[in-house]
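Participant: If it helps, the file is called run-v2.cif and holds mmCIF, C-alpha atoms:
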data_upload
#
loop_
_atom_site.label_atom_id
_atom_site.label_comp_id
_atom_site.auth_asym_id
_atom_site.auth_seq_id
_atom_site.Cartn_x
_atom_site.Cartn_y
_atom_site.Cartn_z
CA MET Q 160 44.47 12.47 -81.31
CA PHE Q 161 40.91 12.35 -80.10
CA ARG Q 162 41.37 8.70 -79.05
CA LYS Q 163 44.37 9.63 -76.87
CA VAL Q 164 42.42 12.40 -75.12
CA SER Q 165 39.45 10.11 -74.52
CA ARG Q 166 41.69 7.36 -73.12
CA LEU Q 167 43.39 9.84 -70.75
CA ALA Q 168 40.00 11.13 -69.58
CA LEU Q 169 38.82 7.61 -68.80
CA MET Q 170 41.95 6.89 -66.73
CA VAL Q 171 41.47 10.09 -64.71
CA CYS Q 172 37.80 9.21 -64.05
CA ALA Q 173 38.73 5.69 -62.96
CA LEU Q 174 41.42 7.00 -60.61
CA GLY Q 175 38.97 9.50 -59.13
CA SER Q 176 36.37 6.82 -58.58
CA GLY Q 177 38.93 4.67 -56.74
CA LEU Q 178 39.82 7.51 -54.41
CA VAL Q 179 36.16 8.18 -53.66
CA VAL Q 180 35.57 4.52 -52.86
CA ALA Q 181 38.74 4.17 -50.79
CA THR Q 182 38.28 7.30 -48.65
CA PRO Q 183 35.50 6.00 -46.32
CA ALA Q 184 37.45 2.78 -45.59
CA ASP Q 185 40.59 4.78 -44.80
CA ALA Q 186 38.59 7.16 -42.66
CA ASP Q 187 37.08 4.34 -40.59
CA GLY Q 188 40.34 2.51 -40.28
CA TRP Q 189 42.68 5.38 -39.35
CA TRP Q 190 41.66 9.01 -39.32
CA GLY Q 191 38.27 8.84 -37.69
CA LYS Q 192 35.56 11.44 -37.94
CA GLY Q 193 35.46 15.03 -36.81
CA SER Q 194 37.97 17.84 -36.95
CA ILE Q 195 41.66 17.64 -37.64
CA LYS Q 196 42.26 18.11 -33.90
CA ASP Q 197 40.09 15.06 -33.16
CA ARG Q 198 41.78 12.97 -35.77
CA ALA Q 199 45.23 13.79 -34.43
CA ALA Q 200 44.44 12.71 -30.76
CA VAL Q 201 45.94 9.46 -29.49
CA PRO Q 202 43.63 7.43 -27.13
CA VAL Q 203 44.96 6.90 -23.54
CA PRO Q 204 44.35 3.41 -22.00
CA ALA Q 205 42.28 3.26 -18.80
CA PRO Q 206 44.32 2.66 -15.59
CA MET Q 207 44.40 -0.87 -14.18
CA PRO Q 208 42.34 -1.23 -10.96
CA ILE Q 209 44.37 -1.75 -7.79
CA PRO Q 210 43.28 -5.01 -6.10
CA ASP Q 211 41.89 -4.69 -2.56
CA TYR Q 212 43.12 -7.70 -0.56
CA ALA Q 213 41.36 -8.60 2.72
CA ALA Q 214 43.58 -8.77 5.80
CA ARG Q 215 44.71 -12.29 6.67
CA TRP Q 216 46.66 -11.74 9.90
CA TYR Q 217 46.13 -9.63 12.98
CA LEU Q 218 47.94 -8.67 16.17
CA ARG Q 219 46.15 -8.20 19.47
CA ALA Q 220 46.72 -6.78 22.96
CA ASP Q 221 44.33 -7.18 25.91
CA LEU Q 222 43.70 -6.16 29.52
CA GLY Q 223 41.29 -7.99 31.78
CA LEU Q 224 39.76 -7.66 35.24
CA GLY Q 225 38.80 -10.97 36.84
CA PHE Q 226 36.70 -12.02 39.83
CA VAL Q 227 37.33 -15.36 41.54
CA SER Q 228 36.46 -16.95 44.89
CA PRO Q 229 39.54 -18.76 46.28
CA ASP Q 230 39.06 -22.32 47.47
CA PRO Q 231 42.30 -23.51 49.12
CA SER Q 232 42.41 -26.65 51.25
CA GLU Q 233 44.87 -28.62 53.39
CA LYS Q 234 45.19 -32.34 54.02
CA GLY Q 235 47.55 -34.18 56.34
CA ILE Q 236 47.65 -32.21 59.59
CA ILE Q 237 45.59 -33.62 62.48
CA TYR Q 238 45.62 -31.29 65.47
CA GLY Q 239 45.49 -33.12 68.79
CA ASP Q 240 47.02 -36.27 67.27
CA ASN Q 241 50.74 -36.12 68.07
CA PHE Q 242 51.29 -32.96 66.01
CA TYR Q 243 53.70 -31.70 68.66
CA GLY Q 244 54.93 -35.05 69.89
CA PRO Q 245 53.48 -37.84 72.02
CA ASP Q 246 51.36 -35.50 74.17
CA PRO Q 247 48.65 -34.38 74.10
CA VAL Q 248 46.45 -36.88 72.28
CA THR Q 249 42.67 -36.77 71.99
CA SER Q 250 40.21 -39.30 70.65
CA THR Q 251 38.55 -36.47 68.69
CA PRO Q 252 41.46 -35.07 66.62
CA ILE Q 253 40.93 -31.92 64.60
CA ALA Q 254 41.66 -31.84 60.87
CA THR Q 255 41.86 -28.52 59.03
CA PRO Q 256 38.22 -27.43 58.71
CA GLY Q 257 36.91 -26.24 55.37
CA HIS Q 258 35.50 -23.04 56.88
CA TRP Q 259 39.05 -21.90 57.70
CA SER Q 260 39.48 -21.10 54.03
CA VAL Q 261 39.14 -17.36 53.41
CA THR Q 262 36.37 -17.02 50.83
CA ASP Q 263 36.42 -13.29 50.09
CA THR Q 264 36.28 -12.69 46.34
CA ASP Q 265 39.65 -11.85 44.82
CA THR Q 266 40.20 -9.54 41.88
CA THR Q 267 42.96 -10.24 39.37
CA LEU Q 268 44.43 -8.24 36.53
CA SER Q 269 45.50 -10.02 33.36
CA TYR Q 270 47.49 -8.63 30.44
CA GLY Q 271 48.57 -10.27 27.21
CA ALA Q 272 49.22 -10.24 23.48
CA GLY Q 273 48.63 -12.58 20.57
CA LEU Q 274 48.78 -13.34 16.85
CA GLY Q 275 45.72 -14.31 14.83
CA TYR Q 276 44.65 -15.46 11.36
CA TYR Q 277 41.40 -14.91 9.39
CA TRP Q 278 40.40 -18.20 7.75
CA SER Q 279 37.21 -16.67 6.32
CA PRO Q 280 35.05 -13.58 6.87
CA ILE Q 281 33.35 -15.35 9.79
CA PHE Q 282 36.03 -17.65 11.26
CA ARG Q 283 39.38 -16.76 12.84
CA THR Q 284 41.87 -18.20 15.32
CA ASP Q 285 44.68 -16.82 17.44
CA ILE Q 286 47.30 -17.80 20.00
CA THR Q 287 47.73 -15.67 23.12
CA LEU Q 288 50.21 -15.33 25.97
CA GLU Q 289 49.05 -13.74 29.22
CA GLY Q 290 50.42 -12.71 32.58
CA ARG Q 291 48.35 -12.47 35.78
CA THR Q 292 48.74 -10.61 39.03
CA GLU Q 293 49.55 -12.62 42.14
CA ARG Q 294 46.72 -14.38 43.95
CA LYS Q 295 46.75 -14.91 47.70
CA LEU Q 296 45.02 -17.97 49.15
CA ASN Q 297 44.65 -18.06 52.92
CA ILE Q 298 43.65 -20.68 55.49
CA ARG Q 299 43.24 -19.18 58.96
CA GLY Q 300 41.57 -20.45 62.10
CA THR Q 301 41.71 -21.28 65.78
CA TYR Q 302 40.90 -24.48 67.65
CA ARG Q 303 40.49 -25.75 71.23
CA TYR Q 304 40.24 -29.19 72.74
CA ASP Q 305 40.66 -30.98 76.05
CA PRO Q 306 42.73 -34.17 75.79
CA ASP Q 307 41.34 -35.51 79.07
CA LEU Q 308 37.67 -34.88 78.30
CA ASP Q 309 37.90 -35.80 74.62
CA ASP Q 310 36.25 -32.47 74.00
CA GLU Q 311 36.55 -30.84 70.57
CA LEU Q 312 35.87 -27.10 70.60
CA TYR Q 313 35.97 -24.42 67.88
CA ASP Q 314 36.07 -20.72 68.78
CA ASP Q 315 33.71 -21.07 71.74
CA PRO Q 316 34.08 -17.98 73.97
CA ASN Q 317 31.55 -19.36 76.46
CA ASP Q 318 33.45 -22.59 77.11
CA ASP Q 319 34.46 -22.88 80.75
CA THR Q 320 36.61 -26.00 80.57
CA GLU Q 321 39.25 -25.70 83.30
CA TYR Q 322 41.93 -27.43 81.28
CA ARG Q 323 42.25 -27.05 77.52
CA ILE Q 324 44.62 -26.58 74.65
CA ALA Q 325 44.16 -23.71 72.19
CA GLY Q 326 45.94 -23.11 68.93
CA GLU Q 327 46.01 -20.73 65.97
CA THR Q 328 46.97 -21.60 62.40
CA ARG Q 329 47.97 -19.36 59.49
CA ASP Q 330 48.54 -21.05 56.14
CA GLN Q 331 49.11 -18.77 53.13
CA GLY Q 332 49.64 -19.58 49.47
CA LYS Q 333 50.81 -17.16 46.79
CA LEU Q 334 50.03 -18.16 43.21
CA ASN Q 335 51.65 -16.56 40.14
CA SER Q 336 50.53 -17.83 36.74
CA GLY Q 337 51.21 -17.32 33.06
CA LEU Q 338 48.68 -18.47 30.47
CA PHE Q 339 48.99 -19.89 26.94
CA LEU Q 340 45.79 -20.38 24.93
CA VAL Q 341 44.81 -21.39 21.38
CA ASN Q 342 41.48 -19.69 20.61
CA ALA Q 343 38.85 -19.95 17.87
CA TYR Q 344 36.10 -17.39 17.14
CA LEU Q 345 32.91 -17.22 15.10
CA ASP Q 346 32.17 -13.67 13.89
CA PHE Q 347 28.52 -12.93 13.14
CA THR Q 348 27.17 -10.65 10.41
CA ARG Q 349 28.26 -7.09 10.90
CA SER Q 350 25.80 -4.37 11.83
CA GLY Q 351 27.68 -1.29 10.70
CA PRO Q 352 31.05 -1.12 12.45
CA LEU Q 353 29.98 -3.64 15.14
CA THR Q 354 30.72 -7.36 14.89
CA PRO Q 355 29.41 -9.67 17.64
CA TYR Q 356 31.27 -12.95 18.17
CA ILE Q 357 31.63 -16.02 20.37
CA GLY Q 358 34.76 -18.08 20.98
CA ALA Q 359 36.52 -20.76 22.99
CA GLY Q 360 40.11 -21.63 23.82
CA VAL Q 361 42.26 -24.39 25.34
CA GLY Q 362 45.82 -24.37 26.60
CA PHE Q 363 47.79 -24.50 29.82
CA ALA Q 364 48.86 -22.38 32.78
CA MET Q 365 52.44 -22.18 34.06
CA ASN Q 366 52.26 -21.72 37.85
CA LYS Q 367 54.53 -20.84 40.73
CA LEU Q 368 53.03 -21.61 44.14
CA GLU Q 369 54.63 -20.41 47.39
CA ARG Q 370 53.41 -21.58 50.79
CA THR Q 371 54.10 -20.25 54.27
CA TYR Q 372 52.73 -22.17 57.26
CA SER Q 373 52.77 -21.29 60.96
CA ASN Q 374 51.00 -22.67 64.03
CA THR Q 375 51.13 -21.62 67.68
CA GLU Q 376 49.61 -23.75 70.46
CA TYR Q 377 49.09 -22.93 74.14
CA THR Q 378 48.09 -25.05 77.13
CA TYR Q 379 45.77 -23.34 79.66
CA ALA Q 380 44.78 -24.20 83.25
CA ASP Q 381 42.07 -22.34 85.16
CA GLY Q 382 42.06 -19.61 82.53
CA ASP Q 383 45.77 -18.87 82.95
CA GLU Q 384 48.53 -19.79 80.55
CA TYR Q 385 50.06 -23.00 81.82
CA SER Q 386 52.83 -23.74 79.33
CA GLY Q 387 53.97 -22.94 75.84
CA PRO Q 388 53.74 -21.66 73.33
CA ARG Q 389 54.69 -24.46 71.00
CA ASN Q 390 55.40 -23.39 67.46
CA ALA Q 391 55.55 -25.08 64.07
CA ALA Q 392 56.54 -23.37 60.83
CA ALA Q 393 57.56 -24.28 57.29
CA ARG Q 394 57.95 -22.59 53.94
CA ASP Q 395 58.56 -23.75 50.35
CA SER Q 396 57.68 -23.12 46.70
CA THR Q 397 57.01 -25.26 43.65
CA TYR Q 398 56.32 -24.96 39.90
CA ASP Q 399 53.79 -26.86 37.82
CA VAL Q 400 51.79 -26.79 34.57
CA THR Q 401 48.02 -27.23 34.65
CA PHE Q 402 45.22 -27.41 32.08
CA ALA Q 403 43.41 -24.18 31.14
CA ALA Q 404 40.31 -23.43 29.05
CA ALA Q 405 38.09 -20.45 28.28
CA VAL Q 406 34.83 -19.46 26.61
CA MET Q 407 34.05 -15.89 25.59
CA ALA Q 408 31.47 -13.62 23.96
CA GLY Q 409 31.99 -10.06 22.84
CA LEU Q 410 31.78 -7.20 20.36
CA SER Q 411 34.38 -5.80 17.98
CA TYR Q 412 34.17 -2.18 16.83
CA SER Q 413 35.98 -1.05 13.67
CA ILE Q 414 37.74 2.20 14.52
CA THR Q 415 39.49 2.12 11.12
CA PRO Q 416 39.82 -0.61 8.46
CA VAL Q 417 43.03 -1.60 10.27
CA THR Q 418 42.24 -1.08 13.98
CA MET Q 419 39.45 -2.74 15.96
CA LEU Q 420 38.36 -2.25 19.57
CA ASP Q 421 37.40 -5.48 21.35
CA LEU Q 422 35.17 -5.76 24.45
CA ASN Q 423 34.28 -9.19 25.80
CA TYR Q 424 33.29 -11.39 28.74
CA ARG Q 425 35.42 -14.48 29.37
CA TYR Q 426 34.97 -17.45 31.69
CA LEU Q 427 38.39 -18.88 32.53
CA TYR Q 428 39.19 -22.29 34.05
CA ILE Q 429 42.65 -23.16 35.43
CA GLY Q 430 43.39 -26.51 37.06
CA SER Q 431 44.48 -26.79 40.69
CA SER Q 432 48.08 -26.48 41.90
CA ASP Q 433 49.47 -28.34 44.94
CA ILE Q 434 52.43 -28.07 47.26
CA ASN Q 435 53.62 -30.37 50.05
CA LEU Q 436 55.39 -29.39 53.27
CA ASN Q 437 56.95 -31.47 56.04
CA ILE Q 438 55.72 -29.87 59.27
CA ASN Q 439 56.90 -31.44 62.53
CA GLY Q 440 57.37 -34.71 60.68
CA VAL Q 441 53.82 -34.55 59.20
CA LYS Q 442 53.34 -34.45 55.42
CA SER Q 443 50.91 -31.63 54.65
CA ASN Q 444 49.39 -30.99 51.23
CA PHE Q 445 48.10 -27.53 50.30
CA SER Q 446 45.85 -27.21 47.23
CA THR Q 447 44.73 -24.01 45.53
CA GLY Q 448 41.56 -25.63 44.21
CA ASP Q 449 40.41 -25.22 40.61
CA THR Q 450 40.13 -21.62 39.42
CA HIS Q 451 36.75 -20.54 38.02
CA GLU Q 452 37.16 -16.90 37.05
CA HIS Q 453 34.77 -14.40 35.45
CA GLN Q 454 36.53 -11.66 33.49
CA VAL Q 455 35.72 -8.42 31.70
CA ARG Q 456 38.33 -7.74 29.01
CA LEU Q 457 39.19 -4.83 26.74
CA GLY Q 458 41.63 -5.02 23.84
CA LEU Q 459 42.79 -3.82 20.43
CA ARG Q 460 43.30 -5.75 17.19
CA TRP Q 461 45.42 -4.56 14.29
CA ASN Q 462 44.79 -6.13 10.87
CA ILE Q 463 47.85 -6.84 8.73
CA GLN Q 464 48.31 -8.41 5.29
#
Would you encode the structure as structure tokens?
Facilitator:
Amino acid sequence: MFRKVSRLALMVCALGSGLVVATPADADGWWGKGSIKDRAAVPVPAPMPIPDYAARWYLRADLGLGFVSPDPSEKGIIYGDNFYGPDPVTSTPIATPGHWSVTDTDTTLSYGAGLGYYWSPIFRTDITLEGRTERKLNIRGTYRYDPDLDDELYDDPNDDTEYRIAGETRDQGKLNSGLFLVNAYLDFTRSGPLTPYIGAGVGFAMNKLERTYSNTEYTYADGDEYSGPRNAAARDSTYDVTFAAAVMAGLSYSITPVTMLDLNYRYLYIGSSDINLNINGVKSNFSTGDTHEHQVRLGLRWNIQ
């Protein structure tokens, strides 16, 4: 009897020792430490961070005010050399003088839009389409000569030649252009919301050139009108495509992470356009001259993914 009780006591002690040893392992592996409330809580996983992707594309819209000195010219007409027929003829014929070109500075307004791409934080490119207000290019002047005295005279109010021929010419060109450019920019390190940059572009201009020519010539004797007037007139238009290029420097200002204000200076080059007219049987070529324009431009850019 005593042996049975002793054996049962040993089994109970062994079982108790096993529970004591097992409890810390179970506690670390499942229940944890602390109160019942703490042990019953289920841990919540931390939220995944939302990735912040830099914009790759952008849209742009621009307005510009340009300043350009027109430089039109004419070749082909020789006044006093059978322009109105066999008479009169002088040994000192008068070609269209360069100073007849009106050189007052013109102002132009340009407007356009484009699509761009960020290749890196400092390098981007875009393509732009632009329209431009009409430019007027004028050649105006008067001339006088005496076919008998071989005397060539320009706007001389003190001339007292008894017999002379006087004429007045008006030659006007109207140029309308659209512009396509591929541009590249280098953005410098930002200073707060400001980003200075430089850039350059190449492309072409699509031009429409209209020309209206008129000339009136009188023959005088002793200060009185002797005969005339004789008139010549012609009008035509033509289309062409010419090379265009630009360089620019400016500042971008970040209004928001999406919208940027852009202020820049741009030098714009557009190749010359030409138009020919047949005037009294004479082939006359009118050229606009190359355009060298200085512009101040203001625009907006919108970043998109």
Participant: Identify which of the residues Q:Asn435, Q:Thr262, Q:Thr415, Q:Thr450 lies closest to Ser336 (chain Q), counting only C-alpha atoms when measuring atom-to-atom distances.
Facilitator: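 Ranked by minimum distance to Ser336 (chain Q), first place goes to Q:Thr450.
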Participant: When you look at region 371-380 of chain Q with a cut-off of 12 Å (counting only C-alpha atoms), what residues show up, excluding the ones that are within fewer than 4 positions of it in the same chain? I need them as an mmCIF file with C-alpha atoms, in the frame of the given file.
Facilitator:
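The resulting file, selection.cif, is reproduced below:
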data_model
loop_
_atom_site.group_PDB
_atom_site.id
_atom_site.type_symbol
_atom_site.label_atom_id
_atom_site.label_comp_id
_atom_site.auth_asym_id
_atom_site.auth_seq_id
_atom_site.Cartn_x
_atom_site.Cartn_y
_atom_site.Cartn_z
ATOM 1 C CA GLU Q 233 44.870 -28.620 53.390
ATOM 2 C CA ILE Q 236 47.650 -32.210 59.590
ATOM 3 C CA TYR Q 238 45.620 -31.290 65.470
ATOM 4 C CA GLY Q 239 45.490 -33.120 68.790
ATOM 5 C CA PHE Q 242 51.290 -32.960 66.010
ATOM 6 C CA TYR Q 243 53.700 -31.700 68.660
ATOM 7 C CA ASP Q 246 51.360 -35.500 74.170
ATOM 8 C CA PRO Q 247 48.650 -34.380 74.100
ATOM 9 C CA THR Q 255 41.860 -28.520 59.030
ATOM 10 C CA LYS Q 295 46.750 -14.910 47.700
ATOM 11 C CA LEU Q 296 45.020 -17.970 49.150
ATOM 12 C CA ASN Q 297 44.650 -18.060 52.920
ATOM 13 C CA ILE Q 298 43.650 -20.680 55.490
ATOM 14 C CA ARG Q 299 43.240 -19.180 58.960
ATOM 15 C CA GLY Q 300 41.570 -20.450 62.100
ATOM 16 C CA THR Q 301 41.710 -21.280 65.780
ATOM 17 C CA TYR Q 302 40.900 -24.480 67.650
ATOM 18 C CA ARG Q 303 40.490 -25.750 71.230
ATOM 19 C CA TYR Q 304 40.240 -29.190 72.740
ATOM 20 C CA ASP Q 305 40.660 -30.980 76.050
ATOM 21 C CA PRO Q 306 42.730 -34.170 75.790
ATOM 22 C CA ASP Q 319 34.460 -22.880 80.750
ATOM 23 C CA THR Q 320 36.610 -26.000 80.570
ATOM 24 C CA GLU Q 321 39.250 -25.700 83.300
ATOM 25 C CA TYR Q 322 41.930 -27.430 81.280
ATOM 26 C CA ARG Q 323 42.250 -27.050 77.520
ATOM 27 C CA ILE Q 324 44.620 -26.580 74.650
ATOM 28 C CA ALA Q 325 44.160 -23.710 72.190
ATOM 29 C CA GLY Q 326 45.940 -23.110 68.930
ATOM 30 C CA GLU Q 327 46.010 -20.730 65.970
ATOM 31 C CA THR Q 328 46.970 -21.600 62.400
ATOM 32 C CA ARG Q 329 47.970 -19.360 59.490
ATOM 33 C CA ASP Q 330 48.540 -21.050 56.140
ATOM 34 C CA GLN Q 331 49.110 -18.770 53.130
ATOM 35 C CA GLY Q 332 49.640 -19.580 49.470
ATOM 36 C CA LYS Q 333 50.810 -17.160 46.790
ATOM 37 C CA LEU Q 334 50.030 -18.160 43.210
ATOM 38 C CA GLU Q 384 48.530 -19.790 80.550
ATOM 39 C CA TYR Q 385 50.060 -23.000 81.820
ATOM 40 C CA SER Q 386 52.830 -23.740 79.330
ATOM 41 C CA GLY Q 387 53.970 -22.940 75.840
ATOM 42 C CA PRO Q 388 53.740 -21.660 73.330
ATOM 43 C CA ARG Q 389 54.690 -24.460 71.000
ATOM 44 C CA ASN Q 390 55.400 -23.390 67.460
ATOM 45 C CA ALA Q 391 55.550 -25.080 64.070
ATOM 46 C CA ALA Q 392 56.540 -23.370 60.830
ATOM 47 C CA ALA Q 393 57.560 -24.280 57.290
ATOM 48 C CA ARG Q 394 57.950 -22.590 53.940
ATOM 49 C CA ASP Q 395 58.560 -23.750 50.350
ATOM 50 C CA SER Q 396 57.680 -23.120 46.700
ATOM 51 C CA ILE Q 434 52.430 -28.070 47.260
ATOM 52 C CA ASN Q 435 53.620 -30.370 50.050
ATOM 53 C CA LEU Q 436 55.390 -29.390 53.270
ATOM 54 C CA ASN Q 437 56.950 -31.470 56.040
ATOM 55 C CA ILE Q 438 55.720 -29.870 59.270
ATOM 56 C CA ASN Q 439 56.900 -31.440 62.530
ATOM 57 C CA SER Q 443 50.910 -31.630 54.650
ATOM 58 C CA ASN Q 444 49.390 -30.990 51.230
ATOM 59 C CA PHE Q 445 48.100 -27.530 50.300
#
Participant: Pick out the closest residue to Ala404 (chain Q) from this set: Q:Pro352, Q:Pro416, Q:Gly360, Q:Pro252. Count only C-alpha atoms.
Facilitator: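 Residue with the minimum atom-to-atom distance to Ala404 (chain Q): Q:Gly360.
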Participant: Can you work out the spacing between CA of Ala405 (chain Q) and CA of Val455 (chain Q) in Å, to one decimal?
Facilitator: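 Here the two named atoms are 12.7 Å from each other.
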Participant: CA of Leu422 (chain Q) to CA of Asp230 (chain Q): how many Å, to one decimal?
Facilitator: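 Distance reported for this atom pair: 28.6 Å.
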Participant: Output region 213-234 of chain Q with N, CA and C atoms present, as a JSON list (two decimals), in the coordinates of the input.
Facilitator:
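Result file is result-v3.json:
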[["chain", "number", "residue", "atom", "x", "y", "z"],
["Q", 213, "ALA", "N", 41.80, -8.56, 1.33],
["Q", 213, "ALA", "CA", 41.36, -8.60, 2.72],
["Q", 213, "ALA", "C", 42.52, -9.00, 3.62],
["Q", 214, "ALA", "N", 42.52, -8.44, 4.85],
["Q", 214, "ALA", "CA", 43.58, -8.77, 5.80],
["Q", 214, "ALA", "C", 43.50, -10.25, 6.16],
["Q", 215, "ARG", "N", 44.64, -10.88, 6.29],
["Q", 215, "ARG", "CA", 44.71, -12.29, 6.67],
["Q", 215, "ARG", "C", 45.20, -12.48, 8.10],
["Q", 216, "TRP", "N", 46.05, -11.61, 8.58],
["Q", 216, "TRP", "CA", 46.66, -11.74, 9.90],
["Q", 216, "TRP", "C", 46.26, -10.56, 10.77],
["Q", 217, "TYR", "N", 46.34, -10.75, 12.07],
["Q", 217, "TYR", "CA", 46.13, -9.63, 12.98],
["Q", 217, "TYR", "C", 46.96, -9.83, 14.25],
["Q", 218, "LEU", "N", 47.31, -8.70, 14.85],
["Q", 218, "LEU", "CA", 47.94, -8.67, 16.17],
["Q", 218, "LEU", "C", 46.91, -8.20, 17.18],
["Q", 219, "ARG", "N", 47.08, -8.62, 18.45],
["Q", 219, "ARG", "CA", 46.15, -8.20, 19.47],
["Q", 219, "ARG", "C", 46.86, -7.94, 20.79],
["Q", 220, "ALA", "N", 46.25, -7.06, 21.61],
["Q", 220, "ALA", "CA", 46.72, -6.78, 22.96],
["Q", 220, "ALA", "C", 45.48, -6.61, 23.84],
["Q", 221, "ASP", "N", 45.52, -7.16, 25.07],
["Q", 221, "ASP", "CA", 44.33, -7.18, 25.91],
["Q", 221, "ASP", "C", 44.67, -6.90, 27.37],
["Q", 222, "LEU", "N", 43.69, -6.31, 28.07],
["Q", 222, "LEU", "CA", 43.70, -6.16, 29.52],
["Q", 222, "LEU", "C", 42.40, -6.74, 30.05],
["Q", 223, "GLY", "N", 42.49, -7.39, 31.22],
["Q", 223, "GLY", "CA", 41.29, -7.99, 31.78],
["Q", 223, "GLY", "C", 41.22, -7.83, 33.29],
["Q", 224, "LEU", "N", 40.00, -7.70, 33.80],
["Q", 224, "LEU", "CA", 39.76, -7.66, 35.24],
["Q", 224, "LEU", "C", 38.93, -8.88, 35.58],
["Q", 225, "GLY", "N", 39.45, -9.72, 36.51],
["Q", 225, "GLY", "CA", 38.80, -10.97, 36.84],
["Q", 225, "GLY", "C", 38.32, -11.02, 38.27],
["Q", 226, "PHE", "N", 37.28, -11.84, 38.50],
["Q", 226, "PHE", "CA", 36.70, -12.02, 39.83],
["Q", 226, "PHE", "C", 36.63, -13.52, 40.11],
["Q", 227, "VAL", "N", 37.23, -13.94, 41.23],
["Q", 227, "VAL", "CA", 37.33, -15.36, 41.54],
["Q", 227, "VAL", "C", 37.23, -15.55, 43.04],
["Q", 228, "SER", "N", 36.54, -16.60, 43.47],
["Q", 228, "SER", "CA", 36.46, -16.95, 44.89],
["Q", 228, "SER", "C", 37.49, -18.04, 45.19],
["Q", 229, "PRO", "N", 38.49, -17.76, 46.01],
["Q", 229, "PRO", "CA", 39.54, -18.76, 46.28],
["Q", 229, "PRO", "C", 38.96, -19.93, 47.05],
["Q", 230, "ASP", "N", 39.54, -21.10, 46.82],
["Q", 230, "ASP", "CA", 39.06, -22.32, 47.47],
["Q", 230, "ASP", "C", 40.24, -23.20, 47.87],
["Q", 231, "PRO", "N", 41.15, -22.68, 48.72],
["Q", 231, "PRO", "CA", 42.30, -23.51, 49.12],
["Q", 231, "PRO", "C", 41.88, -24.55, 50.16],
["Q", 232, "SER", "N", 42.67, -25.60, 50.26],
["Q", 232, "SER", "CA", 42.41, -26.65, 51.25],
["Q", 232, "SER", "C", 43.72, -27.28, 51.68],
["Q", 233, "GLU", "N", 43.68, -27.93, 52.85],
["Q", 233, "GLU", "CA", 44.87, -28.62, 53.39],
["Q", 233, "GLU", "C", 44.49, -30.01, 53.84],
["Q", 234, "LYS", "N", 45.38, -30.96, 53.57],
["Q", 234, "LYS", "CA", 45.19, -32.34, 54.02],
["Q", 234, "LYS", "C", 46.49, -32.85, 54.63]]
